Amino acid sequence: MRRDRTGAERLAAETRDAARVSRRGFLRAGALGLIGTGLAAAGRVLTRGGGRGGVPALVGAGSASISGTAAAAATAATAAASGDAEPASRRGALDPHGFLTSFDTGRVSTLPDGRTLREYEIVAVDREIEIARGVYYPAWTYNGTVPGPTLRATEGDLLRIHFRNEGAMPHTVHFHGFHPANMDGVLEVVGRGKEFLYEFTAEPFGLHLYHCHVMPLRMHIERGLYGTFIVDPKTPRPPMRELVMVMNGYDTDFDGENEFYTVNGVANCYAEKPIRLRVNEPVRVYLVNVLEHDLVNSLHIHANFFHLYRTGTSLTPGDFTDTVMLCQGERAIVEFAYRHPGKFMFHAHQSEFAELGWMGFFEVVEGEA
Ligand SMILES: [Cu+2]
């Protein structure tokens, strides 16, 4: 979404665009549904990609590419620019379905004073990832995925995060939560091939995040260096089916606005393959917004309402609603259950985001999910 236009200018432009497309065209686009949104987004990459005088010079960066000849050419160009061939392991598909329920609870041991110690390994790696069908993006990642792994601990645990930077650019890991100044991941920049050990106590309980904090911050976050950090209360929340949803976007032609919007890294992934739930199954979603370039993001679920725990720092819900809006860096726990079987849509309630990939379905079934 453009920031440099006023609301009135934007409305005028949209009105002009709408006037060029017939009502039948709109209806047809709607009927095409999922495939339509994917193609429309891909089309935007192609048309916008050639529209500027060149991509900003970034180390190891090419613009995002479409599969087939264009993809091969773009990858070759990237490899040529960085002076080496792209290793096969540095290009690949994400697994947004597996990501939903993947929690890294670390390597656990007990300290002499009885506290739990959790140790995690995080490696910054540059990798081309498939962010929509056939669309590859030169990401900067934690452990090879966007978002990075979901780190999980219990309030009061001592955490040691072993960070190694194998990327081309300097990076850090900045955690939200309480910690000493020298563990903040801002001033202690970790160069290529270097390591850093972050050590702090997991507190307060709640839903937090981590991300790179090297300048220009916008670039380091937009490229994919972020993840979810869950601190469970000492008395656990009631057991439920738990899902992690990280809302992000991709500026595939590096012009300062997003071409794709996703939850968990891949546009339309839960529209193409819905998330299966059971009727009356209690569900807890850890929802994090890391979207760059746009001021807000949101989640709306259809035919249902959820209990909302902003930042997850209270065990008492603050709202009962069907839509939550989050600024960049904000997060919320939402809890709900579906009364009726069937397919129910969930999406950003910014229509543009939904049309550009941030839309999915819950498929609610009787009996076993
Ligand atoms: Cu960085």
# chains A, B, ... in the order shown; residues from 1 in each chain; ligands from 1
>>> residues_around(residues="A:Phe362", least_positions_apart="2", cutoff="7 Å", atoms="only C-alpha atoms", output="number ranges by chain")
A: 274-277, 343-345, 364
>>> write_last_selection(atoms="N, CA and C atoms", output="PDB file, in the first residue's frame")
ATOM      1  N   PRO A 274      -6.923 -25.730   3.463  1.00  0.00           N
ATOM      2  CA  PRO A 274      -7.473 -25.178   4.702  1.00  0.00           C
ATOM      3  C   PRO A 274      -6.921 -25.861   5.954  1.00  0.00           C
ATOM      4  N   ILE A 275      -6.994 -25.143   7.066  1.00  0.00           N
ATOM      5  CA  ILE A 275      -6.599 -25.685   8.372  1.00  0.00           C
ATOM      6  C   ILE A 275      -7.790 -26.461   8.926  1.00  0.00           C
ATOM      7  N   ARG A 276      -7.583 -27.740   9.208  1.00  0.00           N
ATOM      8  CA  ARG A 276      -8.700 -28.567   9.695  1.00  0.00           C
ATOM      9  C   ARG A 276      -8.860 -28.424  11.205  1.00  0.00           C
ATOM     10  N   LEU A 277     -10.108 -28.179  11.617  1.00  0.00           N
ATOM     11  CA  LEU A 277     -10.467 -28.099  13.039  1.00  0.00           C
ATOM     12  C   LEU A 277     -11.668 -29.008  13.261  1.00  0.00           C
ATOM     13  N   LYS A 343     -16.694 -24.835   5.886  1.00  0.00           N
ATOM     14  CA  LYS A 343     -15.510 -24.042   5.566  1.00  0.00           C
ATOM     15  C   LYS A 343     -15.756 -22.597   5.964  1.00  0.00           C
ATOM     16  N   PHE A 344     -14.870 -22.060   6.779  1.00  0.00           N
ATOM     17  CA  PHE A 344     -15.005 -20.690   7.268  1.00  0.00           C
ATOM     18  C   PHE A 344     -13.761 -19.890   6.928  1.00  0.00           C
ATOM     19  N   MET A 345     -13.992 -18.749   6.308  1.00  0.00           N
ATOM     20  CA  MET A 345     -12.869 -17.915   5.879  1.00  0.00           C
ATOM     21  C   MET A 345     -12.284 -17.131   7.060  1.00  0.00           C
ATOM     22  N   VAL A 364     -13.925 -27.030   9.241  1.00  0.00           N
ATOM     23  CA  VAL A 364     -14.367 -27.569  10.523  1.00  0.00           C
ATOM     24  C   VAL A 364     -15.169 -28.847  10.277  1.00  0.00           C
TER      25      VAL A 364
END
>>> closest_atom_pairs(of="stretch 188-227 of chain A", to="stretch 296-316 of chain A", cutoff="12 Å", atoms="only C-alpha atoms", output="JSON lines")
{"residue": "A:Glu203", "atom": "CA", "partner": "A:Thr313", "partner_atom": "CA", "distance": 10.0}
{"residue": "A:Pro204", "atom": "CA", "partner": "A:Thr313", "partner_atom": "CA", "distance": 7.3}
{"residue": "A:Phe205", "atom": "CA", "partner": "A:Thr313", "partner_atom": "CA", "distance": 5.9}
{"residue": "A:Gly206", "atom": "CA", "partner": "A:Gly312", "partner_atom": "CA", "distance": 4.2}
{"residue": "A:Leu207", "atom": "CA", "partner": "A:Gly312", "partner_atom": "CA", "distance": 5.0}
{"residue": "A:His208", "atom": "CA", "partner": "A:Thr311", "partner_atom": "CA", "distance": 6.9}
{"residue": "A:Leu209", "atom": "CA", "partner": "A:Thr311", "partner_atom": "CA", "distance": 10.1}
>>> write_last_selection(atoms="C-alpha atoms", output="PDB file, in the first residue's frame")
ATOM      1  CA  GLU A 203       9.692 -12.752  31.461  1.00  0.00           C
ATOM      2  CA  PRO A 204       7.022 -11.500  31.536  1.00  0.00           C
ATOM      3  CA  PHE A 205       4.697 -14.299  30.435  1.00  0.00           C
ATOM      4  CA  GLY A 206       2.930 -13.452  27.242  1.00  0.00           C
ATOM      5  CA  LEU A 207       3.201 -13.478  23.475  1.00  0.00           C
ATOM      6  CA  HIS A 208       6.318 -11.717  22.266  1.00  0.00           C
ATOM      7  CA  LEU A 209       8.520 -11.651  19.191  1.00  0.00           C
TER       8      LEU A 209
END
>>> closest_atom_pairs(of="chain A", to="ligand 1", cutoff="8 Å", atoms="only C-alpha atoms and all ligand atoms", output="tab-separated table")
residue	atom	partner	partner_atom_place_in_ligand_line	distance
A:Trp140	CA	ligand 1	1 (Cu)	7.7
A:Met169	CA	ligand 1	1 (Cu)	6.7
A:Pro170	CA	ligand 1	1 (Cu)	5.9
A:His171	CA	ligand 1	1 (Cu)	3.6
A:Thr172	CA	ligand 1	1 (Cu)	5.9
A:Cys212	CA	ligand 1	1 (Cu)	4.6
A:His213	CA	ligand 1	1 (Cu)	6.1
A:Val214	CA	ligand 1	1 (Cu)	5.0
A:Met215	CA	ligand 1	1 (Cu)	7.5
A:Leu217	CA	ligand 1	1 (Cu)	7.4
A:Met219	CA	ligand 1	1 (Cu)	7.8
A:His220	CA	ligand 1	1 (Cu)	4.4
A:Ile221	CA	ligand 1	1 (Cu)	7.0
A:Leu225	CA	ligand 1	1 (Cu)	6.5
>>> closest_residue(among="A:Gly357, A:Pro112, A:Pro233, A:Pro96", to="A:Tyr261", atoms="only C-alpha atoms")
A:Gly357
>>> residues_around(residues="A:Asp104", least_positions_apart="3", cutoff="6 Å", atoms="only C-alpha atoms", output="list in words")
Thr150, Leu151 and Arg152 of chain A
>>> residues_around(residues="A:Ala132", least_positions_apart="6", cutoff="8 Å", atoms="only C-alpha atoms", output="list in words")
Gly38, Val266, Ala267, Asn268 and Cys269 of chain A
>>> closest_residue(among="A:Val246, A:Val288, A:Leu159, A:Met183", to="A:Thr105", atoms="only C-alpha atoms")
A:Leu159
>>> residues_around(residues="A:Ala139", least_positions_apart="3", cutoff="7 Å", atoms="only C-alpha atoms", output="list in words")
Asp126, Arg127, Glu128, Ile129, Arg223 and Gly224 of chain A
>>> write_last_selection(atoms="N, CA and C atoms", output="PDB file, in the first residue's frame")
ATOM      1  N   ASP A 126      20.991 -16.526   4.316  1.00  0.00           N
ATOM      2  CA  ASP A 126      20.321 -15.955   3.141  1.00  0.00           C
ATOM      3  C   ASP A 126      19.770 -17.104   2.320  1.00  0.00           C
ATOM      4  N   ARG A 127      18.514 -17.003   1.912  1.00  0.00           N
ATOM      5  CA  ARG A 127      17.901 -18.122   1.205  1.00  0.00           C
ATOM      6  C   ARG A 127      16.751 -17.619   0.331  1.00  0.00           C
ATOM      7  N   GLU A 128      16.657 -18.156  -0.873  1.00  0.00           N
ATOM      8  CA  GLU A 128      15.494 -17.852  -1.717  1.00  0.00           C
ATOM      9  C   GLU A 128      14.358 -18.750  -1.299  1.00  0.00           C
ATOM     10  N   ILE A 129      13.219 -18.144  -0.994  1.00  0.00           N
ATOM     11  CA  ILE A 129      12.078 -18.947  -0.551  1.00  0.00           C
ATOM     12  C   ILE A 129      10.893 -18.714  -1.482  1.00  0.00           C
ATOM     13  N   ARG A 223      13.027  -8.275   4.973  1.00  0.00           N
ATOM     14  CA  ARG A 223      13.631  -9.435   4.315  1.00  0.00           C
ATOM     15  C   ARG A 223      13.312 -10.765   4.993  1.00  0.00           C
ATOM     16  N   GLY A 224      12.770 -10.709   6.231  1.00  0.00           N
ATOM     17  CA  GLY A 224      12.326 -11.960   6.830  1.00  0.00           C
ATOM     18  C   GLY A 224      12.920 -12.340   8.174  1.00  0.00           C
TER      19      GLY A 224
END
>>> atom_distance(atom1="atom CA of A:Gln328", atom2="atom CA of A:Val123")
23.7 Å
>>> residues_around(residues="A:Glu121", least_positions_apart="6", cutoff="8 Å", atoms="only C-alpha atoms", output="JSON, numbers by chain")
{"A": [161, 162, 163]}
>>> atom_distance(atom1="atom CA of A:Cys327", atom2="atom CA of A:Val285")
17.3 Å
>>> residues_around(residues="A:Ala202", least_positions_apart="2", cutoff="12 Å", atoms="only C-alpha atoms", output="MDAnalysis selection string")
chainID A and resid 115:119 151:161 175:180 198:200 204:208 229:234
